Structure formats: structure tokens, C-alpha cells
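K.L.:
Dumping the structure here so I can ask a few things about it.
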Amino acid sequence: MAQSPAITLTTDFGTTDGYAGAVKGVLLSRAPGVPLIDLAHDVAPFDRVGAFLLLRTAVRHFPVGTVHLVVVDPGVGTARRGLVVRAQGQTLVGPDSGILPALFPAAEVRAWALKPARFAGAAPTFHGRDVFAPVAAALALGEAPENLADPVQDAERLALPAASRVGNLAKGEVIHVDRFGNLVSNLAARALDNSAHVSISVDRKPVKFAATFGDVKPGETVAYWGSGGLLEIAVRDGNARERFGGLGVAVEIVKYA
Amino acid sequence: MAQSPAITLTTDFGTTDGYAGAVKGVLLSRAPGVPLIDLAHDVAPFDRVGAFLLLRTAVRHFPVGTVHLVVVDPGVGTARRGLVVRAQGQTLVGPDSGILPALFPAAEVRAWALKPARFAGAAPTFHGRDVFAPVAAALALGEAPENLADPVQDAERLALPAASRVGNLAKGEVIHVDRFGNLVSNLAARALDNSAHVSISVDRKPVKFAATFGDVKPGETVAYWGSGGLLEIAVRDGNARERFGGLGVAVEIVKYA
Amino acid sequence: MAQSPAITLTTDFGTTDGYAGAVKGVLLSRAPGVPLIDLAHDVAPFDRVGAFLLLRTAVRHFPVGTVHLVVVDPGVGTARRGLVVRAQGQTLVGPDSGILPALFPAAEVRAWALKPARFAGAAPTFHGRDVFAPVAAALALGEAPENLADPVQDAERLALPAASRVGNLAKGEVIHVDRFGNLVSNLAARALDNSAHVSISVDRKPVKFAATFGDVKPGETVAYWGSGGLLEIAVRDGNARERFGGLGVAVEIVKYA
């Protein structure tokens, strides 16, 4: 099998402690010639939802065959499995923390649990370096998952806060705040057929729906379908988190015929 | 035309939201084999002056043929053009926000505006991924700007606060504070013939002029010509911003015969 | 000599000011084809201990022949030497600030001081770009250190706070706090033969010793041998710095027969 076009890295290690650097050293040593691409090392510690949304935004744009190493691991230092996940031509490697399989529709995901021997001799607090990086490197060189791991059907799937729908009312909440203070909700475009004939509220306050920032005046709030397919709320030239608050704030859509 | 030696990335996306990652995925998919080099993703949101100074410091050191993708965009979500700029062997791509042409003397800059068709179907809030990354990839593979964009003469140019000069007095101000708390002014070395026979004040307080930190004692303030050719002010082993304040603080030079 | 598999970068420049970008431009221009790998640009300004611990964690995992450019430089702008250090198949380049030789046992380190001519014409506040990057690029292309620098025996060595040992009592302190709030001490595993029959205290409070987080309950404190071989203290699902304080807090081990 062909060599991967790249290995990407997503961790909550930060960069100042050298852990991300050690992982890069292992990857470069074991898979020389495969470019390393940083997605993020500043995922908030143990923030599985943040890592999930990041990967949901980024992974699908990489070329087929890319290997994504994802180490955001609330279970570090405890017994939990390592996973390899394949879907849509992408391969992901990391702890069984619910992030990887949740990125894809269940129907098309294939998952493998790393063989226990892979953990033998590994530093218990640094599986990223001793377990997941070597596996990512092997996969990037064309090794078949079957040679490293056993097929599983029961991989954990991260559950985002669920949006609800009753008739023409969809009730959701803010699940992420981006760097610009824009609010990302759990209301998906498909929920309401992407109709523009809607009435939207954030924290019970009505908000204008538009295609983009440019359709409202500076300082005005706008709701729009974000590039990731979820309803987002922004203040043009401002900060929506400061106006409405962040995680958990109610977002509702009423659809009109 | 030859493939570019690299594509650099400068954005205000941060890395935790996955937007920078998505852009990298597009670049890697469309220009496989061209190395991706991060300049910065932590430009302050919409900070055009910060991005301008960053690029002014970095771009000229890259090999001829490098493509620089620059997405710092106060106009995101509004109608504004996309630009390709070529000067001094460097190619830059990004929104028409004034940064790119301002990096070079007007005489030598060639600029093109992306053809409107390039924006068709793009997510209105993510032109970085849907418009500028594909154009950067095409240019990196050797595509001529003429095939993607139309020549323009009216590209916006970012105007920094202007320094003034009356006789032997040059009046400027702090336009940037770096990570070390050093103050970068808008007084250029050429303004006073790089003379060492000068008297300098910051916020009306006299400051010693020297070639470098090593010429003053720890805790003492020093003004010097920075590596970017602008007058900078530092406190040796200390923080000049804490001593004098930041953006807008007055910096003056009097030159003696 | 063969081309290096990579050049890594470790600086306290941050990325927003363009200094790290300028260094990358120089490396790419002078050593085209050698991959650039970021270790960190967010080392705290002038933090030699932080840079030392980072490199201690990361460097040994890189393939033989890697060149590591390290610019964390309290002496910027003063007269101090530039160093090339070779040990264990790794080559390091940077100011003579004590970091590089300290990473390896003295016996096996070879060090060279850059010839003074290397500093001629360099911007006094930007040796990273004008001196160290060109040297790193030359070494990465296979140049012998002897052609760039003169052998020295007196390179400065960073001294970490020393742990002491009296009989079966080892007294140390916290020398680093990582991104998760875990405390890294200066007590090395070899200090007490890696024995598990120990009693450990942090700030005079007894702390459980275990192989890993998984051996204590959420909210409980645990001491363990970190992946870098030093005793570390963590709070499972919590933050040890908030519980005990950070740099300088006393850590003690009593060993029982």
C-alpha cells in the first residue's frame, strides 16, 4: 500500500512541555519522508468536544490516505483501549475516548482496537509517544490495521448535547465558542431543510437570520449556517459570547411554512 | 513554471477551531508535495497592522517562488475582492484588506483581483478554505495569476500611522508591541540617515540610543534600530510596555548635525 | 555527509511578531528540501529551564542527524558566543546560554564555538535569523562543525536546582509545571533505584506513590515517575499546581529498605 500523503497531529499537550515534540520525533524516526502537519496542540486539556468539532471541520479536507493522530485523553494513565478508525478514506489513531468514531456516520466506520501487546513497556502517562505515534507511523507506511489491531464494533461514541425538535420548533444550545467569540450551536442545517423562512432566538432574544455577516450592520447580531453545517451566531465586528454568554446558552429555531 | 518551494500560512484563525486545519487539508490535497510552513495563526482577530508587521519581518527571507496565504480579514462575510500580489519574487494571496500591496514599494508591485467566478459556491464565512487556499495551491503548482485573476491598479493599501518630520525633529508613535514587551515605532532608520547623533524620547522621557541591549545596564531603557528597520524601545531584562505603555505612545527623535 | 532528516525549531519568539517566520525563511532558502519541524515558539521569554526540560523530553526521539535550532537567549544583544553541540547523534545550534550542553552527560558532548566572523554584519538583536539559522542550515546540508566553529571545552552548563540526599531521604523541589498543572520535580528515578517502597511528600503533605493516574481516585493526588524520568505529582482529573503551588515547592522521598 502506498505511503500516506501526511500525518496530522491533534493534541492537548501544548508545545512548551516537549511532549508534542517527542511525538514528532517518533513519527519522523519511524516514518521518514511523511510530512507532519500540526492541526492543533492547544485543544483545552481533556476537551473531547473541542477536539471533535475541530476534527469535524478539518479532517474531510485532507487527501485520501492521510493518517490523523489524535491524543486528547481524559483516560490518560488508566486502562482504556487504543483505536484505529477508517472512514471516507481517512485513518485516525488515538485513545478510545469517543472522538474518532463520532466523526463519521456509524454505517461507514471501520474500527480496530490496538492489540494489548502494543501497550507493553509503554510509559503509562505517555501513550501518545509510546503507543499511538508508532502505530500512526506504521499505518502511514502502509501497514494494514489488521496487523496492529483487532476489529471492534463497540467503540465509544462521543454524544454531543442533543437538539430536540417538536413540530416546527427546534431547540438546541451553544456547544462551542470559537476564537472570534462566535457561538456554534448543535442545530444542523439539515434539521430544518436549510429553510430561510425561520425565526431564531438566542437566550430567548430574537436574532436576525442571514447568509453572512455582510447582511447586517456593524454591532448587529446575525445567525447563519456555519461552514461546518451548524447554526452559528455572531456579532458583526463584535463578540457574541460577550453579548449572550457561551456554552449551554439556548438557541431555538421556529420554521414557517 | 516550477513548483513553489513552499506555501506559508498567516491567519487569525487560531488552531483550536479547525479552520486552519481545514485550509491545510485543502492545500495538501491540491498541491501535494509543496511543504506547508506556518507563519502564525495567532494574529489578533482582524489585526491588519499586526499581520502587516509580521509579514514585513518574515516574507523577504523566503526563497523566490514562495506562495504566502494571508487570511486576516475584517471584511469576512462581506463583498470584498480577493487579491494576488507579486513583488520581489514572492507571491501573496488573500482578501483585499490592504495588507498585501502595502508590504512592497508601489512601483514594483503587480496585483490581480480574483475573478468573481472563484467565489461561486464558496461558504460566505470561509473564503480562506474555499477561495484563497485553492488559488494559493494553483499558484504554487505554477499557474499564472492571469489565469485566475484580472490585473488591478487600485488595490487597497494599509496606511500605518504616519510619522512626521519638521527640520531635525521626527515625531512618531508606537505601532506594535512584541512578545517581549518591546515597543516598535513607525520611525524608520532612513528617516534620519541612521545617524547615531540623536536624542530620543518616549512619552516625553529621554531614552538612551545604542546599537543593542548590551550597551545599557539591566533595567535601563534603550532605543535601537530593530531588525525590521524601525526604531524600537526595550528595557534590558525588563518590559518596555509596562514602563511606557503601548500603542500610540509618542516617540520622538531629534537629530544633531 | 548526508542531508539532515529535519531541522527543528525551539524559540521564545512567539509567532505573532514574524521573527520565527523570518528564521523559517532563512532555513528554507538555505537548506531547501530539509523539513522544518516546530518544537515550540512559546517558551516563556528567556526561560532557560523551560527550554531545557522541553528539549530533554523531545530531542532524543529524533532520528540521528537531526539539527535542532534553539534560540532562547537572555543574552540577546550582548556579546556571548554561539555554540554547536553534538551528542547522541543529535546536533544543536544556539547561543551559549547553558541549555545545549546540559542536555547530555558531559563525557559524550562535543561543543564548538562559532567563529567570530559569523557575527559580522548580523543585526545585534536578531542573531537567530542572521547567525544561528544560517549555521543550522549549513549543518543540515552536511557541513562539518569544524568548518564553522572552533572546539571548546568550557561551554556554559545550565544548573538546575540541585536535589540533595541524606541517607534514605531525598529532598528536591518543583522545577516545572506542565500544561495540565502537573508538577515536575528535580528528583530523578535513579535517585532511589526506582524503588516503589517509598514515602513521598509535597509541601510536607503525604502523597500516594503509584505507577499512574489510574491507581488513584478522581480528585486524589498521585506521585509517579514521569515519562522524562523525573518524579511528577498530579491530581487525577484535577490540577496539582492549584493544590500545592508551583515552582520551588518542596518534594521529598523517604525510601524504606
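The way I read the labels, and the way they are meant: chains A, B, ... in the order of the C-alpha cells, residue 1 as the first residue of every chain, and ligand 1 as the first ligand shown, with later ones counted on from there.
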Could the residues of chain A within 6 Å of chain C, counting only C-alpha atoms, be given as a list in words, please?
P.N.:
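So the residues of chain A near chain C are Thr15, Thr16, Asp17, Gly18, Gly21, Ala22, Gly25, Val26, Ser29, Gly77, Thr78 and Ala123 of chain A.
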K.L.:
Convert the current residue selection to file output with C-alpha atoms, as an mmCIF file, in the first residue's frame.
P.N.:
data_model
loop_
_atom_site.group_PDB
_atom_site.id
_atom_site.type_symbol
_atom_site.label_atom_id
_atom_site.label_comp_id
_atom_site.auth_asym_id
_atom_site.auth_seq_id
_atom_site.Cartn_x
_atom_site.Cartn_y
_atom_site.Cartn_z
ATOM 1 C CA THR A 15 4.016 22.776 22.894
ATOM 2 C CA THR A 16 6.054 24.154 25.808
ATOM 3 C CA ASP A 17 6.447 20.849 27.640
ATOM 4 C CA GLY A 18 8.135 18.901 24.846
ATOM 5 C CA GLY A 21 7.962 17.428 20.190
ATOM 6 C CA ALA A 22 8.690 13.911 21.410
ATOM 7 C CA GLY A 25 10.469 12.800 16.854
ATOM 8 C CA VAL A 26 8.959 9.315 16.971
ATOM 9 C CA SER A 29 12.106 8.467 13.028
ATOM 10 C CA GLY A 77 -2.959 6.745 32.879
ATOM 11 C CA THR A 78 -5.952 4.451 33.131
ATOM 12 C CA ALA A 123 5.198 4.827 29.807
#
K.L.:
Name the residues in contact with segment 138-147 of chain C at a cut-off of 9 Å, using only C-alpha atoms, excluding same-chain residues fewer than 4 positions from it; report them as a PDB file with N, CA, C and O atoms, in the first residue's frame.
P.N.:
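What ended up in around-v3.pdb:
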ATOM      1  N   MET C   1      28.740  14.220   3.493  1.00  0.00           N
ATOM      2  CA  MET C   1      27.840  13.784   4.569  1.00  0.00           C
ATOM      3  C   MET C   1      26.395  13.958   4.124  1.00  0.00           C
ATOM      4  O   MET C   1      26.058  14.842   3.346  1.00  0.00           O
ATOM      5  N   ALA C   2      25.539  13.111   4.651  1.00  0.00           N
ATOM      6  CA  ALA C   2      24.143  13.126   4.203  1.00  0.00           C
ATOM      7  C   ALA C   2      23.407  14.348   4.713  1.00  0.00           C
ATOM      8  O   ALA C   2      23.765  14.938   5.724  1.00  0.00           O
ATOM      9  N   GLN C   3      22.356  14.724   3.997  1.00  0.00           N
ATOM     10  CA  GLN C   3      21.477  15.812   4.409  1.00  0.00           C
ATOM     11  C   GLN C   3      20.690  15.382   5.655  1.00  0.00           C
ATOM     12  O   GLN C   3      20.351  14.218   5.824  1.00  0.00           O
ATOM     13  N   SER C   4      20.404  16.337   6.530  1.00  0.00           N
ATOM     14  CA  SER C   4      19.665  16.038   7.758  1.00  0.00           C
ATOM     15  C   SER C   4      18.226  15.621   7.453  1.00  0.00           C
ATOM     16  O   SER C   4      17.623  16.128   6.505  1.00  0.00           O
ATOM     17  N   PRO C   5      17.674  14.739   8.289  1.00  0.00           N
ATOM     18  CA  PRO C   5      16.262  14.376   8.109  1.00  0.00           C
ATOM     19  C   PRO C   5      15.318  15.520   8.464  1.00  0.00           C
ATOM     20  O   PRO C   5      14.169  15.525   8.014  1.00  0.00           O
ATOM     21  N   ALA C   6      15.792  16.486   9.255  1.00  0.00           N
ATOM     22  CA  ALA C   6      14.934  17.616   9.630  1.00  0.00           C
ATOM     23  C   ALA C   6      15.742  18.648  10.391  1.00  0.00           C
ATOM     24  O   ALA C   6      16.813  18.351  10.923  1.00  0.00           O
ATOM     25  N   ILE C   7      15.210  19.879  10.414  1.00  0.00           N
ATOM     26  CA  ILE C   7      15.669  20.918  11.331  1.00  0.00           C
ATOM     27  C   ILE C   7      14.490  21.223  12.245  1.00  0.00           C
ATOM     28  O   ILE C   7      13.392  21.517  11.768  1.00  0.00           O
ATOM     29  N   ARG C  30      18.134  28.417   2.536  1.00  0.00           N
ATOM     30  CA  ARG C  30      19.499  27.893   2.562  1.00  0.00           C
ATOM     31  C   ARG C  30      19.576  26.377   2.592  1.00  0.00           C
ATOM     32  O   ARG C  30      20.593  25.795   2.216  1.00  0.00           O
ATOM     33  N   ALA C  31      18.544  25.730   3.107  1.00  0.00           N
ATOM     34  CA  ALA C  31      18.539  24.267   3.136  1.00  0.00           C
ATOM     35  C   ALA C  31      17.248  23.747   2.520  1.00  0.00           C
ATOM     36  O   ALA C  31      16.441  23.097   3.182  1.00  0.00           O
ATOM     37  N   VAL C  34      14.992  20.286   3.262  1.00  0.00           N
ATOM     38  CA  VAL C  34      15.069  19.759   4.629  1.00  0.00           C
ATOM     39  C   VAL C  34      13.795  20.168   5.375  1.00  0.00           C
ATOM     40  O   VAL C  34      13.534  21.368   5.520  1.00  0.00           O
ATOM     41  N   GLY C  65      21.116  12.624  13.133  1.00  0.00           N
ATOM     42  CA  GLY C  65      21.402  13.584  12.077  1.00  0.00           C
ATOM     43  C   GLY C  65      20.511  14.814  12.116  1.00  0.00           C
ATOM     44  O   GLY C  65      20.759  15.782  11.398  1.00  0.00           O
ATOM     45  N   THR C  66      19.477  14.774  12.947  1.00  0.00           N
ATOM     46  CA  THR C  66      18.592  15.949  13.042  1.00  0.00           C
ATOM     47  C   THR C  66      19.369  17.133  13.606  1.00  0.00           C
ATOM     48  O   THR C  66      20.207  16.989  14.489  1.00  0.00           O
ATOM     49  N   VAL C  67      19.065  18.320  13.085  1.00  0.00           N
ATOM     50  CA  VAL C  67      19.643  19.568  13.593  1.00  0.00           C
ATOM     51  C   VAL C  67      18.562  20.319  14.366  1.00  0.00           C
ATOM     52  O   VAL C  67      17.449  20.499  13.863  1.00  0.00           O
ATOM     53  N   VAL C  84      27.735  25.145  18.692  1.00  0.00           N
ATOM     54  CA  VAL C  84      27.246  23.926  18.061  1.00  0.00           C
ATOM     55  C   VAL C  84      27.578  22.800  19.025  1.00  0.00           C
ATOM     56  O   VAL C  84      28.695  22.732  19.535  1.00  0.00           O
ATOM     57  N   VAL C  85      26.602  21.947  19.312  1.00  0.00           N
ATOM     58  CA  VAL C  85      26.802  20.833  20.235  1.00  0.00           C
ATOM     59  C   VAL C  85      26.396  19.542  19.535  1.00  0.00           C
ATOM     60  O   VAL C  85      25.355  19.507  18.859  1.00  0.00           O
ATOM     61  N   THR C  91      22.457  17.133  16.624  1.00  0.00           N
ATOM     62  CA  THR C  91      23.238  18.365  16.529  1.00  0.00           C
ATOM     63  C   THR C  91      22.371  19.531  16.965  1.00  0.00           C
ATOM     64  O   THR C  91      21.242  19.666  16.488  1.00  0.00           O
ATOM     65  N   ALA C 111      31.515  20.159  21.724  1.00  0.00           N
ATOM     66  CA  ALA C 111      30.990  21.514  21.548  1.00  0.00           C
ATOM     67  C   ALA C 111      31.975  22.355  20.757  1.00  0.00           C
ATOM     68  O   ALA C 111      33.195  22.189  20.859  1.00  0.00           O
ATOM     69  N   TRP C 112      31.414  23.248  19.946  1.00  0.00           N
ATOM     70  CA  TRP C 112      32.219  24.197  19.179  1.00  0.00           C
ATOM     71  C   TRP C 112      31.625  25.595  19.359  1.00  0.00           C
ATOM     72  O   TRP C 112      30.398  25.742  19.398  1.00  0.00           O
ATOM     73  N   LEU C 114      31.055  29.220  17.614  1.00  0.00           N
ATOM     74  CA  LEU C 114      31.051  29.791  16.267  1.00  0.00           C
ATOM     75  C   LEU C 114      32.185  30.788  16.111  1.00  0.00           C
ATOM     76  O   LEU C 114      32.469  31.563  17.020  1.00  0.00           O
ATOM     77  N   ALA C 133      20.430  30.576  12.306  1.00  0.00           N
ATOM     78  CA  ALA C 133      19.714  29.902  11.214  1.00  0.00           C
ATOM     79  C   ALA C 133      20.658  29.536  10.064  1.00  0.00           C
ATOM     80  O   ALA C 133      20.627  28.400   9.576  1.00  0.00           O
ATOM     81  N   PRO C 134      21.513  30.450   9.611  1.00  0.00           N
ATOM     82  CA  PRO C 134      22.444  30.044   8.535  1.00  0.00           C
ATOM     83  C   PRO C 134      23.366  28.894   8.954  1.00  0.00           C
ATOM     84  O   PRO C 134      23.662  28.013   8.140  1.00  0.00           O
ATOM     85  N   PRO C 151      36.505  24.119  18.378  1.00  0.00           N
ATOM     86  CA  PRO C 151      36.197  23.269  19.534  1.00  0.00           C
ATOM     87  C   PRO C 151      36.402  24.033  20.841  1.00  0.00           C
ATOM     88  O   PRO C 151      37.345  24.809  20.971  1.00  0.00           O
TER      89      PRO C 151
END
K.L.:
Quick check for you: according to DSSP on this backbone, which residues of segment 18-183 of chain C are classed as strand (DSSP E or B)? Reply as a ChimeraX atom specification.
P.N.:
/C:36-40,67-71,82-87,90-95,110-114,149-152,164-166,169-177,183
K.L.:
May I have the residues from that selection written out with C-alpha atoms, as a PDB file, in the first residue's frame?
P.N.:
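The resulting result_12.pdb:
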ATOM      1  CA  LEU C  36      11.202  22.187   9.243  1.00  0.00           C
ATOM      2  CA  ILE C  37       9.614  20.902  12.447  1.00  0.00           C
ATOM      3  CA  ASP C  38       8.296  23.288  15.103  1.00  0.00           C
ATOM      4  CA  LEU C  39       9.016  22.133  18.632  1.00  0.00           C
ATOM      5  CA  ALA C  40       7.876  25.323  20.342  1.00  0.00           C
ATOM      6  CA  VAL C  67      19.643  19.568  13.593  1.00  0.00           C
ATOM      7  CA  HIS C  68      17.933  21.424  16.438  1.00  0.00           C
ATOM      8  CA  LEU C  69      17.921  25.226  16.328  1.00  0.00           C
ATOM      9  CA  VAL C  70      17.415  26.562  19.852  1.00  0.00           C
ATOM     10  CA  VAL C  71      17.133  30.307  20.413  1.00  0.00           C
ATOM     11  CA  GLY C  82      27.245  30.865  19.585  1.00  0.00           C
ATOM     12  CA  LEU C  83      27.502  27.099  20.057  1.00  0.00           C
ATOM     13  CA  VAL C  84      27.246  23.926  18.061  1.00  0.00           C
ATOM     14  CA  VAL C  85      26.802  20.833  20.235  1.00  0.00           C
ATOM     15  CA  ARG C  86      26.886  17.214  19.113  1.00  0.00           C
ATOM     16  CA  ALA C  87      25.875  14.221  21.223  1.00  0.00           C
ATOM     17  CA  GLN C  90      21.848  14.966  17.513  1.00  0.00           C
ATOM     18  CA  THR C  91      23.238  18.365  16.529  1.00  0.00           C
ATOM     19  CA  LEU C  92      22.139  21.512  18.353  1.00  0.00           C
ATOM     20  CA  VAL C  93      22.777  25.152  17.463  1.00  0.00           C
ATOM     21  CA  GLY C  94      22.148  28.275  19.512  1.00  0.00           C
ATOM     22  CA  PRO C  95      23.546  30.862  21.884  1.00  0.00           C
ATOM     23  CA  ARG C 110      31.348  17.748  21.725  1.00  0.00           C
ATOM     24  CA  ALA C 111      30.990  21.514  21.548  1.00  0.00           C
ATOM     25  CA  TRP C 112      32.219  24.197  19.179  1.00  0.00           C
ATOM     26  CA  ALA C 113      32.022  27.993  19.462  1.00  0.00           C
ATOM     27  CA  LEU C 114      31.051  29.791  16.267  1.00  0.00           C
ATOM     28  CA  ALA C 149      33.282  26.823  14.643  1.00  0.00           C
ATOM     29  CA  ASP C 150      36.195  26.080  16.956  1.00  0.00           C
ATOM     30  CA  PRO C 151      36.197  23.269  19.534  1.00  0.00           C
ATOM     31  CA  VAL C 152      35.632  24.426  23.118  1.00  0.00           C
ATOM     32  CA  SER C 164      20.028  16.555  47.957  1.00  0.00           C
ATOM     33  CA  ARG C 165      20.208  13.126  49.523  1.00  0.00           C
ATOM     34  CA  VAL C 166      20.973  12.209  53.095  1.00  0.00           C
ATOM     35  CA  LEU C 169      15.910  10.871  52.399  1.00  0.00           C
ATOM     36  CA  ALA C 170      15.951  12.710  49.078  1.00  0.00           C
ATOM     37  CA  LYS C 171      14.960  16.382  49.127  1.00  0.00           C
ATOM     38  CA  GLY C 172      14.010  18.175  45.963  1.00  0.00           C
ATOM     39  CA  GLU C 173      11.622  20.772  44.644  1.00  0.00           C
ATOM     40  CA  VAL C 174       9.227  21.573  41.820  1.00  0.00           C
ATOM     41  CA  ILE C 175      11.208  22.847  38.830  1.00  0.00           C
ATOM     42  CA  HIS C 176       8.470  22.951  36.184  1.00  0.00           C
ATOM     43  CA  VAL C 177       4.691  22.937  35.903  1.00  0.00           C
ATOM     44  CA  LEU C 183       4.326  19.315  38.923  1.00  0.00           C
TER      45      LEU C 183
END
K.L.:
Would you mind reading off the distance between atom CA of Leu230 of chain B and atom CA of Asp73 of chain C, one decimal, in Å?
P.N.:
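For atom CA of Leu230 of chain B relative to atom CA of Asp73 of chain C, the distance reads 21.7 Å.
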K.L.:
Taking the backbone alone, and naming residues the way the document does, which bits of segment 14-226 of chain B are helix (DSSP H, G or I) by DSSP, as a PyMOL selection string?
P.N.:
chain B and resi 19-30+48-61+99-102+106-108+116-119+127-140+145-147+189-192+213-215
K.L.:
Set the distance at 10 Å and use only C-alpha atoms: which residues neighbour Gly121 of chain C once local chain neighbours fewer than 3 positions away are removed? I'd like the list as a CSV table (one decimal) with N, CA, C and O atoms, in the first residue's frame.
P.N.:
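Printed below is selection_22.csv as written:
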chain,number,residue,atom,x,y,z
C,117,ALA,N,33.7,35.6,13.0
C,117,ALA,CA,33.3,36.2,11.7
C,117,ALA,C,31.8,35.9,11.4
C,117,ALA,O,31.2,36.6,10.6
C,118,ARG,N,31.3,34.9,12.0
C,118,ARG,CA,29.9,34.5,11.7
C,118,ARG,C,29.0,35.6,12.2
C,118,ARG,O,27.8,35.7,11.8
C,124,PRO,N,22.2,43.0,15.7
C,124,PRO,CA,22.6,42.6,17.1
C,124,PRO,C,21.5,42.1,17.9
C,124,PRO,O,21.7,41.3,18.8
C,130,ASP,N,20.2,35.8,11.7
C,130,ASP,CA,21.4,36.2,10.9
C,130,ASP,C,22.6,35.3,11.2
C,130,ASP,O,23.5,35.3,10.4
C,131,VAL,N,22.6,34.6,12.4
C,131,VAL,CA,23.7,33.8,12.7
C,131,VAL,C,23.3,32.3,12.9
C,131,VAL,O,23.9,31.4,12.2
K.L.:
Write out as number ranges by chain which residues come within 9 Å of His197 of chain B when counting only C-alpha atoms, dropping same-chain ones fewer than 4 positions away.
P.N.:
B: 209, 254-257
